[in-house]
$ cat work01.cif   # mmCIF, C-alpha atoms and all ligand atoms
data_start
#
loop_
_atom_site.label_atom_id
_atom_site.label_comp_id
_atom_site.auth_asym_id
_atom_site.auth_seq_id
_atom_site.Cartn_x
_atom_site.Cartn_y
_atom_site.Cartn_z
CA MET A 21 0.00 0.00 0.00
CA ASP A 22 1.37 3.42 -0.79
CA ILE A 23 2.28 5.72 2.07
CA SER A 24 -0.54 8.22 1.55
CA LYS A 25 -3.17 5.48 1.59
CA ASN A 26 -1.50 4.01 4.65
CA ILE A 27 -1.59 7.37 6.39
CA LEU A 28 -5.27 7.81 5.51
CA LYS A 29 -6.01 4.39 6.98
CA ILE A 30 -4.31 5.28 10.27
CA LEU A 31 -6.19 8.59 10.38
CA ARG A 32 -9.53 6.87 9.76
CA ASN A 33 -8.84 4.36 12.52
CA LYS A 34 -8.30 7.31 14.82
CA LYS A 35 -11.62 8.86 13.66
CA ILE A 36 -9.96 11.66 11.75
CA GLU A 37 -12.22 12.11 8.80
CA PHE A 38 -12.44 15.77 7.88
CA PHE A 39 -9.79 17.32 5.65
CA ALA A 40 -9.23 20.84 4.38
CA GLY A 41 -6.24 22.42 2.72
CA VAL A 42 -4.52 24.21 -0.10
CA PRO A 43 -2.60 21.92 -2.45
CA ASP A 44 1.16 21.52 -2.47
CA SER A 45 3.41 19.51 -4.76
CA ILE A 46 5.09 17.56 -1.91
CA LEU A 47 1.66 16.48 -0.63
CA LYS A 48 0.21 15.89 -4.10
CA ASN A 49 -0.14 12.16 -3.62
CA PHE A 50 -1.91 12.64 -0.28
CA SER A 51 -4.36 15.25 -1.63
CA ASN A 52 -5.09 13.01 -4.61
CA ALA A 53 -5.98 10.21 -2.19
CA LEU A 54 -8.40 12.66 -0.52
CA SER A 55 -9.99 13.59 -3.84
CA LYS A 56 -12.13 10.47 -3.65
CA LEU A 57 -13.92 11.76 -0.55
CA SER A 58 -17.21 13.67 -0.64
CA ASN A 59 -17.44 17.47 -0.37
CA LYS A 60 -18.57 17.03 3.23
CA LYS A 61 -15.30 15.35 4.15
CA HIS A 62 -12.73 17.18 2.02
CA ILE A 63 -12.62 20.82 0.95
CA ILE A 64 -9.88 22.64 -0.93
CA GLY A 65 -9.90 26.10 0.64
CA ALA A 66 -9.22 29.44 -0.98
CA ASN A 67 -6.23 30.01 1.30
CA GLU A 68 -4.56 28.31 4.24
CA GLY A 69 -6.07 30.64 6.89
CA GLY A 70 -9.49 29.73 5.55
CA ALA A 71 -8.62 26.03 5.69
CA VAL A 72 -7.63 26.10 9.39
CA SER A 73 -10.74 28.16 10.18
CA LEU A 74 -12.93 25.65 8.36
CA ALA A 75 -11.29 22.89 10.38
CA ALA A 76 -11.92 24.83 13.61
CA GLY A 77 -15.63 25.16 12.80
CA TYR A 78 -15.86 21.45 12.06
CA HIS A 79 -14.29 20.66 15.42
CA LEU A 80 -16.78 22.94 17.23
CA ALA A 81 -19.65 21.02 15.66
CA THR A 82 -18.32 17.46 16.08
CA LYS A 83 -15.56 17.53 18.75
CA LYS A 84 -13.56 15.48 16.23
CA ILE A 85 -9.99 16.23 15.17
CA PRO A 86 -9.73 17.75 11.67
CA LEU A 87 -6.68 17.70 9.41
CA VAL A 88 -5.37 20.63 7.38
CA TYR A 89 -2.74 20.27 4.66
CA LEU A 90 -0.63 23.08 3.23
CA GLN A 91 2.71 24.11 1.81
CA ASN A 92 4.92 25.92 4.33
CA SER A 93 4.71 29.06 2.17
CA GLY A 94 1.08 29.21 3.29
CA LEU A 95 1.95 28.96 6.98
CA GLY A 96 1.88 32.77 7.14
CA ASN A 97 -1.76 32.72 6.03
CA THR A 98 -2.68 30.49 9.00
CA ILE A 99 -0.94 32.51 11.68
CA ASN A 100 -3.74 34.97 12.38
CA PRO A 101 -6.48 32.37 13.03
CA ILE A 102 -4.00 30.19 14.95
CA THR A 103 -2.72 32.93 17.25
CA SER A 104 -6.10 34.63 17.74
CA ILE A 105 -8.63 31.79 17.81
CA ILE A 106 -7.20 28.27 17.72
CA HIS A 107 -4.23 28.51 20.11
CA LYS A 108 -4.53 26.72 23.45
CA GLU A 109 -4.31 30.06 25.28
CA ILE A 110 -7.40 31.30 23.38
CA TYR A 111 -10.14 28.72 22.55
CA GLY A 112 -7.91 25.67 22.37
CA ILE A 113 -8.86 23.82 19.19
CA PRO A 114 -7.05 20.61 18.27
CA MET A 115 -6.08 19.84 14.68
CA ILE A 116 -3.34 18.18 12.68
CA LEU A 117 -1.38 20.17 10.13
CA PHE A 118 0.33 18.31 7.30
CA ILE A 119 2.98 20.66 5.97
CA GLY A 120 4.90 20.30 2.72
CA TRP A 121 8.30 21.65 3.73
CA ARG A 122 9.83 23.47 0.78
CA GLY A 123 13.33 24.84 1.30
CA ALA A 124 14.08 22.19 3.96
CA TYR A 125 17.66 21.76 5.20
CA ASN A 126 20.04 20.08 2.76
CA ILE A 127 17.49 20.00 -0.02
CA LYS A 128 18.03 21.99 -3.17
CA ASP A 129 15.03 24.17 -3.83
CA GLU A 130 13.99 27.37 -5.55
CA ILE A 131 15.08 30.72 -4.15
CA GLN A 132 11.60 31.79 -3.04
CA HIS A 133 11.50 28.86 -0.62
CA LYS A 134 14.80 29.71 1.05
CA VAL A 135 13.65 32.08 3.79
CA GLN A 136 10.39 30.30 4.63
CA GLY A 137 12.19 26.94 4.55
CA LYS A 138 14.70 28.13 7.13
CA ILE A 139 12.20 29.60 9.58
CA THR A 140 9.43 26.99 9.40
CA LEU A 141 10.49 24.97 12.47
CA LYS A 142 11.15 28.14 14.45
CA GLN A 143 7.70 29.47 13.55
CA LEU A 144 6.09 26.26 14.73
CA SER A 145 8.05 26.41 17.97
CA LEU A 146 7.01 30.04 18.51
CA LEU A 147 3.40 28.97 18.03
CA LYS A 148 4.04 26.16 20.57
CA ILE A 149 3.05 23.64 17.89
CA LYS A 150 4.60 20.21 18.50
CA TYR A 151 5.94 18.84 15.23
CA LYS A 152 7.52 15.74 13.80
CA ILE A 153 9.53 15.40 10.62
CA PHE A 154 8.30 12.42 8.58
CA LYS A 155 10.49 9.32 8.77
CA LYS A 156 9.57 6.43 6.52
CA LYS A 157 10.30 3.74 9.11
CA LEU A 158 8.62 5.53 12.00
CA PHE A 159 5.72 7.40 10.52
CA LYS A 160 2.93 5.28 12.05
CA ASN A 161 4.19 5.89 15.57
CA GLN A 162 4.94 9.53 14.80
CA LEU A 163 1.39 10.11 13.62
CA VAL A 164 -0.23 8.31 16.54
CA GLU A 165 1.86 10.34 18.96
CA LEU A 166 0.89 13.60 17.29
CA ILE A 167 -2.82 12.69 17.40
CA LYS A 168 -2.55 11.91 21.11
CA HIS A 169 -0.82 15.21 21.73
CA THR A 170 -3.36 17.39 19.92
CA LYS A 171 -6.25 15.66 21.70
CA LYS A 172 -4.68 16.06 25.11
CA ASN A 173 -3.55 19.66 24.70
CA ASN A 174 -6.32 21.12 22.52
CA HIS A 175 -3.67 22.73 20.36
CA PRO A 176 -2.55 22.08 16.75
CA VAL A 177 0.29 19.68 15.95
CA ALA A 178 2.27 19.46 12.70
CA PHE A 179 3.70 16.67 10.58
CA LEU A 180 6.33 17.89 8.10
CA PHE A 181 7.07 16.21 4.77
CA LYS A 182 10.06 16.87 2.54
CA LYS A 183 10.36 16.45 -1.22
CA GLY A 184 10.10 12.77 -2.12
CA ASP A 185 8.72 11.58 1.25
CA LEU A 186 5.38 10.60 -0.23
CA ASP A 187 5.13 8.43 -3.29
CA SER A 188 4.87 10.21 -6.59
CA ASP A 189 1.51 10.25 -8.26
CA LYS A 190 1.22 7.46 -10.79
CA ASN A 191 -2.17 8.44 -12.17
CA GLN A 192 -1.26 11.18 -14.59
CA LYS A 193 -4.17 13.55 -15.10
CA GLN A 194 -5.81 13.58 -18.49
CA ILE A 195 -4.74 16.67 -20.34
CA ASN A 196 -7.65 18.69 -21.58
CA LYS A 197 -7.04 20.23 -25.02
CA LYS A 198 -10.34 22.00 -25.60
CA TYR A 199 -9.10 25.51 -25.04
CA ILE A 200 -5.84 27.44 -25.52
CA ASP A 201 -2.39 26.36 -24.35
CA ARG A 202 -1.03 28.71 -21.73
CA SER A 203 2.29 29.01 -23.56
CA TYR A 204 0.57 29.87 -26.85
CA PHE A 205 -1.48 32.58 -25.18
CA ILE A 206 1.59 34.00 -23.46
CA SER A 207 3.54 34.15 -26.75
CA GLU A 208 0.67 36.03 -28.37
CA LEU A 209 0.42 38.36 -25.39
CA ILE A 210 4.13 39.18 -25.59
CA LYS A 211 3.85 39.94 -29.30
CA ASN A 212 0.82 42.15 -28.86
CA SER A 213 1.74 44.10 -25.74
CA LYS A 214 5.17 45.48 -26.61
CA ASN A 215 4.91 48.58 -24.43
CA SER A 216 3.32 46.97 -21.41
CA LYS A 217 4.69 45.66 -18.14
CA ILE A 218 3.52 42.25 -17.03
CA ILE A 219 3.19 41.11 -13.43
CA ALA A 220 2.80 37.35 -13.47
CA THR A 221 1.51 34.95 -10.85
CA THR A 222 3.23 32.10 -8.96
CA GLY A 223 3.95 28.75 -10.59
CA PHE A 224 3.87 27.74 -14.24
CA THR A 225 2.61 31.12 -15.49
CA SER A 226 5.71 33.04 -14.38
CA ARG A 227 8.00 30.23 -15.46
CA GLU A 228 6.46 29.95 -18.92
CA LEU A 229 6.57 33.71 -19.41
CA PHE A 230 10.24 33.75 -18.36
CA GLN A 231 11.10 30.85 -20.65
CA ILE A 232 9.25 32.22 -23.68
CA ARG A 233 10.97 35.61 -23.30
CA LYS A 234 14.29 33.80 -23.13
CA ILE A 235 13.71 31.54 -26.13
CA LYS A 236 12.45 34.40 -28.25
CA LYS A 237 15.39 36.48 -27.03
CA PHE A 238 13.15 39.26 -25.76
CA LYS A 239 14.88 40.95 -22.90
CA ASN A 240 13.10 40.34 -19.63
CA LYS A 241 12.66 44.01 -18.96
CA LYS A 242 8.92 43.86 -19.11
CA ASP A 243 8.08 41.28 -16.50
CA PHE A 244 7.89 40.97 -12.75
CA TYR A 245 7.63 37.35 -11.71
CA MET A 246 5.69 36.65 -8.50
CA VAL A 247 7.67 33.50 -7.74
CA GLY A 248 5.94 33.50 -4.33
CA GLY A 249 3.31 35.60 -2.59
CA MET A 250 0.60 33.58 -4.28
CA GLY A 251 -2.61 35.58 -4.64
CA HIS A 252 -0.95 38.99 -4.37
CA SER A 253 -0.06 39.70 -8.01
CA SER A 254 -3.07 41.91 -8.63
CA MET A 255 -2.18 44.17 -5.71
CA VAL A 256 1.43 44.47 -6.88
CA ALA A 257 0.09 45.27 -10.35
CA LEU A 258 -2.33 47.87 -8.94
CA GLY A 259 0.48 49.56 -7.01
CA TYR A 260 2.69 49.57 -10.09
CA SER A 261 -0.07 50.89 -12.35
CA LEU A 262 -0.78 53.80 -10.00
CA GLY A 263 2.86 54.80 -9.94
CA SER A 264 3.57 54.40 -13.64
CA ARG A 265 2.20 55.48 -16.98
CA ASN A 266 2.93 52.06 -18.46
CA GLN A 267 0.08 49.81 -19.37
CA THR A 268 0.21 47.26 -16.55
CA ILE A 269 -0.99 43.71 -17.09
CA CYS A 270 -1.60 41.33 -14.23
CA LEU A 271 -1.35 37.73 -15.43
CA ASP A 272 -3.06 35.63 -12.79
CA GLY A 273 -4.23 32.04 -12.20
CA ASP A 274 -7.61 30.94 -10.88
CA GLY A 275 -6.17 29.40 -7.69
CA ALA A 276 -4.26 32.60 -7.01
CA PHE A 277 -7.29 34.77 -7.84
CA LEU A 278 -9.42 32.86 -5.31
CA MET A 279 -6.71 32.90 -2.66
CA HIS A 280 -7.19 36.62 -2.02
CA MET A 281 -10.29 37.37 -4.00
CA GLY A 282 -11.01 40.56 -2.03
CA ALA A 283 -8.10 42.12 -3.92
CA SER A 284 -10.21 42.17 -7.09
CA VAL A 285 -12.70 44.54 -5.44
CA ILE A 286 -9.90 46.89 -4.44
CA THR A 287 -8.18 46.76 -7.83
CA SER A 288 -11.34 47.46 -9.81
CA LYS A 289 -12.22 50.34 -7.50
CA PHE A 290 -8.86 52.08 -7.51
CA ALA A 291 -7.29 51.07 -10.83
CA GLU A 292 -7.02 53.54 -13.68
CA LYS A 293 -7.05 53.28 -17.47
CA ASN A 294 -3.67 51.57 -17.64
CA PHE A 295 -4.69 48.52 -15.53
CA LYS A 296 -5.44 45.25 -17.30
CA TYR A 297 -6.16 41.96 -15.57
CA ILE A 298 -5.90 38.56 -17.27
CA LEU A 299 -7.18 35.41 -15.61
CA LEU A 300 -5.54 32.26 -16.99
CA ASN A 301 -8.37 29.96 -16.11
CA ASN A 302 -7.73 26.20 -16.11
CA GLY A 303 -9.99 25.44 -13.15
CA CYS A 304 -7.16 23.92 -11.16
CA HIS A 305 -3.93 24.39 -9.20
CA GLU A 306 -1.93 23.01 -12.06
CA SER A 307 1.54 23.96 -10.85
CA VAL A 308 1.24 21.71 -7.79
CA GLY A 309 -0.65 18.75 -9.24
CA GLY A 310 -3.88 19.87 -10.91
CA GLN A 311 -6.22 19.79 -7.88
CA PRO A 312 -9.53 21.56 -8.70
CA THR A 313 -10.37 25.11 -7.65
CA SER A 314 -13.93 26.41 -7.13
CA ILE A 315 -13.64 29.00 -9.91
CA ASP A 316 -16.50 27.40 -11.86
CA LYS A 317 -18.93 28.89 -9.34
CA ILE A 318 -18.30 32.45 -10.54
CA ASN A 319 -20.19 34.20 -13.31
CA PHE A 320 -17.35 36.54 -14.28
CA LYS A 321 -19.37 38.78 -16.56
CA GLN A 322 -21.72 39.68 -13.72
CA PHE A 323 -18.96 39.72 -11.14
CA CYS A 324 -16.76 42.12 -13.10
CA SER A 325 -19.60 44.49 -13.86
CA SER A 326 -20.76 44.44 -10.22
CA ILE A 327 -17.34 45.45 -8.87
CA GLY A 328 -16.73 48.18 -11.42
CA TYR A 329 -14.52 46.73 -14.15
CA LYS A 330 -15.12 48.91 -17.20
CA LYS A 331 -14.79 46.05 -19.66
CA TYR A 332 -15.02 42.28 -19.54
CA PHE A 333 -13.76 39.93 -22.28
CA LEU A 334 -13.98 36.16 -22.56
CA LEU A 335 -11.57 34.10 -24.66
CA LYS A 336 -12.02 30.38 -25.19
CA GLU A 337 -10.84 29.71 -28.73
CA LYS A 338 -7.43 29.91 -30.28
CA LYS A 339 -8.81 31.47 -33.44
CA SER A 340 -10.12 34.51 -31.53
CA ILE A 341 -6.88 35.31 -29.67
CA ARG A 342 -5.59 38.17 -31.80
CA LYS A 343 -8.93 39.90 -32.15
CA THR A 344 -9.83 39.62 -28.48
CA LEU A 345 -6.35 40.61 -27.30
CA ASN A 346 -6.44 43.61 -29.55
CA LEU A 347 -9.81 44.75 -28.20
CA PHE A 348 -8.76 44.09 -24.62
CA LEU A 349 -5.36 45.79 -24.83
CA ASN A 350 -6.77 48.83 -26.60
CA SER A 351 -9.71 49.24 -24.24
CA SER A 352 -9.69 51.73 -21.45
CA GLY A 353 -9.05 50.01 -18.13
CA PRO A 354 -9.63 48.66 -15.66
CA ALA A 355 -10.40 45.75 -17.99
CA PHE A 356 -10.67 42.02 -17.28
CA LEU A 357 -9.92 39.17 -19.67
CA ASN A 358 -10.98 35.65 -18.74
CA VAL A 359 -8.98 33.14 -20.80
CA PHE A 360 -9.88 29.45 -20.72
CA ILE A 361 -6.62 27.54 -20.93
CA ASN A 362 -5.70 23.88 -21.25
CA SER A 363 -3.81 22.02 -18.57
CA GLY A 364 -0.24 21.16 -19.52
CA THR A 365 2.97 23.12 -19.56
CA LEU A 366 6.18 23.46 -21.59
CA GLU A 367 8.67 20.63 -21.56
CA ASN A 368 11.77 21.16 -19.40
CA LEU A 369 10.36 24.29 -17.84
CA ILE A 370 13.24 26.31 -16.47
CA ARG A 371 13.45 27.87 -13.01
CA ILE A 372 13.57 31.62 -12.60
CA LYS A 373 16.88 32.76 -11.14
CA ASN A 374 18.73 36.01 -10.49
CA LEU A 375 15.69 37.79 -9.11
CA LYS A 376 17.58 40.90 -8.06
CA GLU A 377 18.91 41.35 -11.61
CA LEU A 378 15.41 40.89 -13.00
CA LYS A 379 14.07 43.48 -10.59
CA LYS A 380 16.77 45.95 -11.63
CA ASP A 381 15.83 45.47 -15.26
CA PHE A 382 12.13 45.72 -14.56
CA ILE A 383 12.34 49.05 -12.81
CA LYS A 384 14.44 50.61 -15.57
CA LYS A 385 12.02 52.55 -17.72
C1 LIG B 1 0.52 30.85 0.04
C2 LIG B 1 0.84 29.73 -0.88
N1 LIG B 1 0.13 28.61 -0.83
C3 LIG B 1 0.39 27.57 -1.65
C4 LIG B 1 1.40 27.67 -2.58
C5 LIG B 1 1.75 26.51 -3.49
N2 LIG B 1 1.35 26.80 -4.87
C6 LIG B 1 2.21 27.26 -5.81
S1 LIG B 1 1.53 27.46 -7.30
C7 LIG B 1 0.05 26.90 -6.74
C8 LIG B 1 -1.13 26.72 -7.67
C9 LIG B 1 -1.56 27.97 -8.33
O1 LIG B 1 -2.78 27.72 -9.01
P1 LIG B 1 -3.28 28.72 -10.12
O2 LIG B 1 -3.18 30.11 -9.64
O3 LIG B 1 -4.64 28.26 -10.55
O4 LIG B 1 -2.25 28.57 -11.30
P2 LIG B 1 -1.83 27.25 -12.14
O5 LIG B 1 -0.90 26.50 -11.30
O6 LIG B 1 -3.09 26.50 -12.48
O7 LIG B 1 -1.15 27.82 -13.35
C10 LIG B 1 0.10 26.58 -5.38
C11 LIG B 1 -1.05 26.09 -4.57
C12 LIG B 1 2.13 28.88 -2.60
N3 LIG B 1 3.14 29.11 -3.45
N4 LIG B 1 1.82 29.87 -1.75
#
$ encode --input "work01.cif" --output "structure tokens" --more "lines below"
Ligand SMILES: Cc1ncc(C[n+]2csc(CCOP(=O)(O)OP(=O)(O)O)c2C)c(N)n1
Amino acid sequence: MDISKNILKILRNKKIEFFAGVPDSILKNFSNALSKLSNKKHIIGANEGGAVSLAAGYHLATKKIPLVYLQNSGLGNTINPITSIIHKEIYGIPMILFIGWRGAYNIKDEIQHKVQGKITLKQLSLLKIKYKIFKKKLFKNQLVELIKHTKKNNHPVAFLFKKGDLDSDKNQKQINKKYIDRSYFISELIKNSKNSKIIATTGFTSRELFQIRKIKKFKNKKDFYMVGGMGHSSMVALGYSLGSRNQTICLDGDGAFLMHMGASVITSKFAEKNFKYILLNNGCHESVGGQPTSIDKINFKQFCSSIGYKKYFLLKEKKSIRKTLNLFLNSSGPAFLNVFINSGTLENLIRIKNLKELKKDFIKK
């Protein structure tokens, strides 16, 4: 039996049967095992703070121990509800956190995981959260001990996983090819927005944009890559657009959009003509394994008009790209473009490096 299924079995035996979280690549195999559960037992939250709050509410109703899974980059999002509600010195709510530990000691990882990777254990200690670092030969006992501890102390506990601890996912997702490839859209965007600055979201979007600029030998002076800070690209773009005359394009993903959806209300209210927002909508968290988002619940035409976007465009077909991009880019902002994209990314996607150099280039006029 694979480790994730084994873990789920232990959890079930201990009556842990409610799961909430935000997906992470290290925990991909575990969250895929959860995907078979009903919506009453497993919910992918908009952000990690929401996931721990959801778990807290479930505990209040059932007295059972919930489990929340997250990447350590989302630990910051949980800190407010943990320190102000969940902590044993406040209400005292037990729960288990499964944390994908990016930037862990002695493991090569991307630069944006360096700082958070280093402070993760210290943050947990500061929060008085007992933790264990997954060990393949000991994990059953480790888990049972953590469950006992959270029950006894009415305080969260954490189980940390490093890259490769859980089995890799053997069931490759079917790649949907109905819409537009992200990379194709990005190439067209680059060609058609020569005088614009692009602020691109976390994950494959930034990496594809970086790679396409490189291959086509466009200098990277136009882009700011949000290698982390998932969900905050639109606010960075708003700030930039207010301070600059450049047309500013925020290139976002649906998982990131949902993570801090309130930002869209602020951007549409305060943005000026030069602000353009593009949602690359594949209905999932593709960069960390393709787990579904809840974006399908939004009627974007109504949503955008209700929060004050001046224009809304929808793009689903490759053949309409040039025409729609032209209309969108030449419209007076704030304007919103909802692009339906296929899952799938470029082969051998490169990592973005030399961030300080890129920033220097970006801020040059
Ligand atoms: C606060 C935070 N939580 C989780 C992650 C891990 N993470 C990186 S990319 C990503 C998925 C982003 O999904 P979406 O915005 O839909 O873009 P896609 O991957 O589909 O291109 C996640 C969850 C993160 N970087 N930061």
$ residues_around --input "work01.cif" --residues "Tyr329 of chain A" --least-positions-apart "6" --cutoff "8 Å" --atoms "only C-alpha atoms" --output "PyMOL selection string"
chain A and resi 288-289+353-356
$ residues_near_ligand --input "work01.cif" --ligand "ligand LIG 1 (chain B)" --cutoff "9 Å" --atoms "all atoms listed in the file" --output "PyMOL selection string"
chain A and resi 42-45+67-68+90-97+132-133+202+221-226+247-251+272-279+299-313+363+365
$ residues_near_point --input "work01.cif" --point "(-9.6, 42.0, -13.3)" --cutoff "12 Å" --atoms "only C-alpha atoms" --output "ChimeraX atom specification"
/A:253-255,257-258,268-274,277,281-292,295-300,320-321,323-334,348,353-359
$ atom_distance --input "work01.cif" --atom1 "atom CA of Leu335 of chain A" --atom2 "atom CA of Arg371 of chain A"
28.3 Å
$ closest_residue --input "work01.cif" --among "A:Leu209, A:Leu180, A:Ile372, A:Ile315" --to "Asn346 of chain A" --atoms "all atoms listed in the file"
A:Leu209
$ closest_residue --input "work01.cif" --among "A:Ile153, A:Lys241, A:Arg233, A:Ser213" --to "Asn350 of chain A" --atoms "all atoms listed in the file"
A:Ser213
$ closest_residue --input "work01.cif" --among "A:Val88, A:Leu262, A:Leu28, A:Ala40" --to "Gly65 of chain A" --atoms "all atoms listed in the file"
A:Ala40
$ atom_distance --input "work01.cif" --atom1 "atom CA of Asp129 of chain A" --atom2 "atom CA of Lys182 of chain A"
10.9 Å
$ closest_residue --input "work01.cif" --among "A:Gly259, A:Gly137, A:Gly70, A:Gly41" --to "Trp121 of chain A" --atoms "all atoms listed in the file"
A:Gly137
$ residues_around --input "work01.cif" --residues "Asn266 of chain A" --least-positions-apart "2" --cutoff "9 Å" --atoms "all atoms listed in the file" --output "list in words"
Asn215, Ser216, Lys217, Tyr260, Ser261, Gly263, Ser264, Thr268, Asn294 and Phe295 of chain A
$ atom_distance --input "work01.cif" --atom1 "atom CA of Val256 of chain A" --atom2 "atom CA of His280 of chain A"
12.6 Å
$ closest_residue --input "work01.cif" --among "A:Phe181, A:Leu186, A:Asn173, A:Ser314" --to "Ala66 of chain A" --atoms "all atoms listed in the file"
A:Ser314
$ residues_around --input "work01.cif" --residues "segment 76-84 of chain A" --least-positions-apart "5" --cutoff "12 Å" --atoms "only C-alpha atoms" --output "PyMOL selection string"
chain A and resi 31-32+34-40+60-63+69-71+98+101-102+105-107+111-116+167+170-171+174-176
$ axis_aligned_box --input "work01.cif" --around "segment 217-233 of chain A" --padding-each-side "8 Å" --output "lines of an AutoDock Vina configuration file"
center_x = 6.3
center_y = 36.7
center_z = -16.3
size_x = 25.6
size_y = 33.9
size_z = 30.7
$ closest_residue --input "work01.cif" --among "A:Tyr199, A:Phe50, A:Phe154, A:Phe205" --to "Thr344 of chain A" --atoms "all atoms listed in the file"
A:Phe205
$ build_atoms --input "work01.cif" --residues "segment 124-130 of chain A" --atoms "all heavy atoms" --output "PDB file, keeping the file's coordinate frame"
ATOM      1  N   ALA A 124      13.593  22.882   2.760  1.00  0.00           N
ATOM      2  CA  ALA A 124      14.080  22.190   3.960  1.00  0.00           C
ATOM      3  C   ALA A 124      15.604  22.072   3.924  1.00  0.00           C
ATOM      4  O   ALA A 124      16.213  22.131   2.854  1.00  0.00           O
ATOM      5  CB  ALA A 124      13.452  20.798   4.029  1.00  0.00           C
ATOM      6  N   TYR A 125      16.202  21.875   5.111  1.00  0.00           N
ATOM      7  CA  TYR A 125      17.660  21.760   5.200  1.00  0.00           C
ATOM      8  C   TYR A 125      18.184  20.719   4.225  1.00  0.00           C
ATOM      9  O   TYR A 125      17.614  19.652   4.089  1.00  0.00           O
ATOM     10  CB  TYR A 125      18.109  21.329   6.603  1.00  0.00           C
ATOM     11  CG  TYR A 125      17.546  22.146   7.715  1.00  0.00           C
ATOM     12  CD1 TYR A 125      16.917  21.536   8.790  1.00  0.00           C
ATOM     13  CD2 TYR A 125      17.630  23.541   7.697  1.00  0.00           C
ATOM     14  CE1 TYR A 125      16.380  22.284   9.822  1.00  0.00           C
ATOM     15  CE2 TYR A 125      17.100  24.290   8.720  1.00  0.00           C
ATOM     16  CZ  TYR A 125      16.476  23.671   9.772  1.00  0.00           C
ATOM     17  OH  TYR A 125      15.940  24.406  10.762  1.00  0.00           O
ATOM     18  N   ASN A 126      19.314  21.017   3.631  1.00  0.00           N
ATOM     19  CA  ASN A 126      20.040  20.080   2.760  1.00  0.00           C
ATOM     20  C   ASN A 126      19.256  19.639   1.525  1.00  0.00           C
ATOM     21  O   ASN A 126      19.573  18.633   0.927  1.00  0.00           O
ATOM     22  CB  ASN A 126      20.448  18.795   3.511  1.00  0.00           C
ATOM     23  CG  ASN A 126      21.257  19.121   4.727  1.00  0.00           C
ATOM     24  OD1 ASN A 126      22.005  20.105   4.710  1.00  0.00           O
ATOM     25  ND2 ASN A 126      21.086  18.353   5.787  1.00  0.00           N
ATOM     26  N   ILE A 127      18.217  20.366   1.195  1.00  0.00           N
ATOM     27  CA  ILE A 127      17.490  20.000  -0.020  1.00  0.00           C
ATOM     28  C   ILE A 127      17.504  21.190  -0.959  1.00  0.00           C
ATOM     29  O   ILE A 127      17.194  22.312  -0.570  1.00  0.00           O
ATOM     30  CB  ILE A 127      16.041  19.562   0.331  1.00  0.00           C
ATOM     31  CG1 ILE A 127      16.097  18.200   1.020  1.00  0.00           C
ATOM     32  CG2 ILE A 127      15.165  19.512  -0.922  1.00  0.00           C
ATOM     33  CD1 ILE A 127      14.807  17.520   1.256  1.00  0.00           C
ATOM     34  N   LYS A 128      17.928  20.912  -2.196  1.00  0.00           N
ATOM     35  CA  LYS A 128      18.030  21.990  -3.170  1.00  0.00           C
ATOM     36  C   LYS A 128      16.626  22.424  -3.572  1.00  0.00           C
ATOM     37  O   LYS A 128      15.794  21.584  -3.900  1.00  0.00           O
ATOM     38  CB  LYS A 128      18.783  21.445  -4.398  1.00  0.00           C
ATOM     39  CG  LYS A 128      19.563  22.494  -5.094  1.00  0.00           C
ATOM     40  CD  LYS A 128      20.493  21.905  -6.132  1.00  0.00           C
ATOM     41  CE  LYS A 128      20.874  23.040  -7.049  1.00  0.00           C
ATOM     42  NZ  LYS A 128      20.573  22.845  -8.421  1.00  0.00           N
ATOM     43  N   ASP A 129      16.383  23.703  -3.494  1.00  0.00           N
ATOM     44  CA  ASP A 129      15.030  24.170  -3.830  1.00  0.00           C
ATOM     45  C   ASP A 129      15.126  25.567  -4.438  1.00  0.00           C
ATOM     46  O   ASP A 129      16.191  26.187  -4.452  1.00  0.00           O
ATOM     47  CB  ASP A 129      14.145  24.168  -2.570  1.00  0.00           C
ATOM     48  CG  ASP A 129      12.680  23.902  -2.899  1.00  0.00           C
ATOM     49  OD1 ASP A 129      12.258  24.246  -4.017  1.00  0.00           O
ATOM     50  OD2 ASP A 129      11.968  23.362  -2.047  1.00  0.00           O
ATOM     51  N   GLU A 130      13.985  26.064  -4.894  1.00  0.00           N
ATOM     52  CA  GLU A 130      13.990  27.370  -5.550  1.00  0.00           C
ATOM     53  C   GLU A 130      14.187  28.490  -4.527  1.00  0.00           C
ATOM     54  O   GLU A 130      13.835  28.344  -3.355  1.00  0.00           O
ATOM     55  CB  GLU A 130      12.667  27.574  -6.286  1.00  0.00           C
ATOM     56  CG  GLU A 130      12.549  26.690  -7.495  1.00  0.00           C
ATOM     57  CD  GLU A 130      11.139  26.696  -8.029  1.00  0.00           C
ATOM     58  OE1 GLU A 130      10.837  27.541  -8.869  1.00  0.00           O
ATOM     59  OE2 GLU A 130      10.353  25.849  -7.581  1.00  0.00           O
TER      60      GLU A 130
END
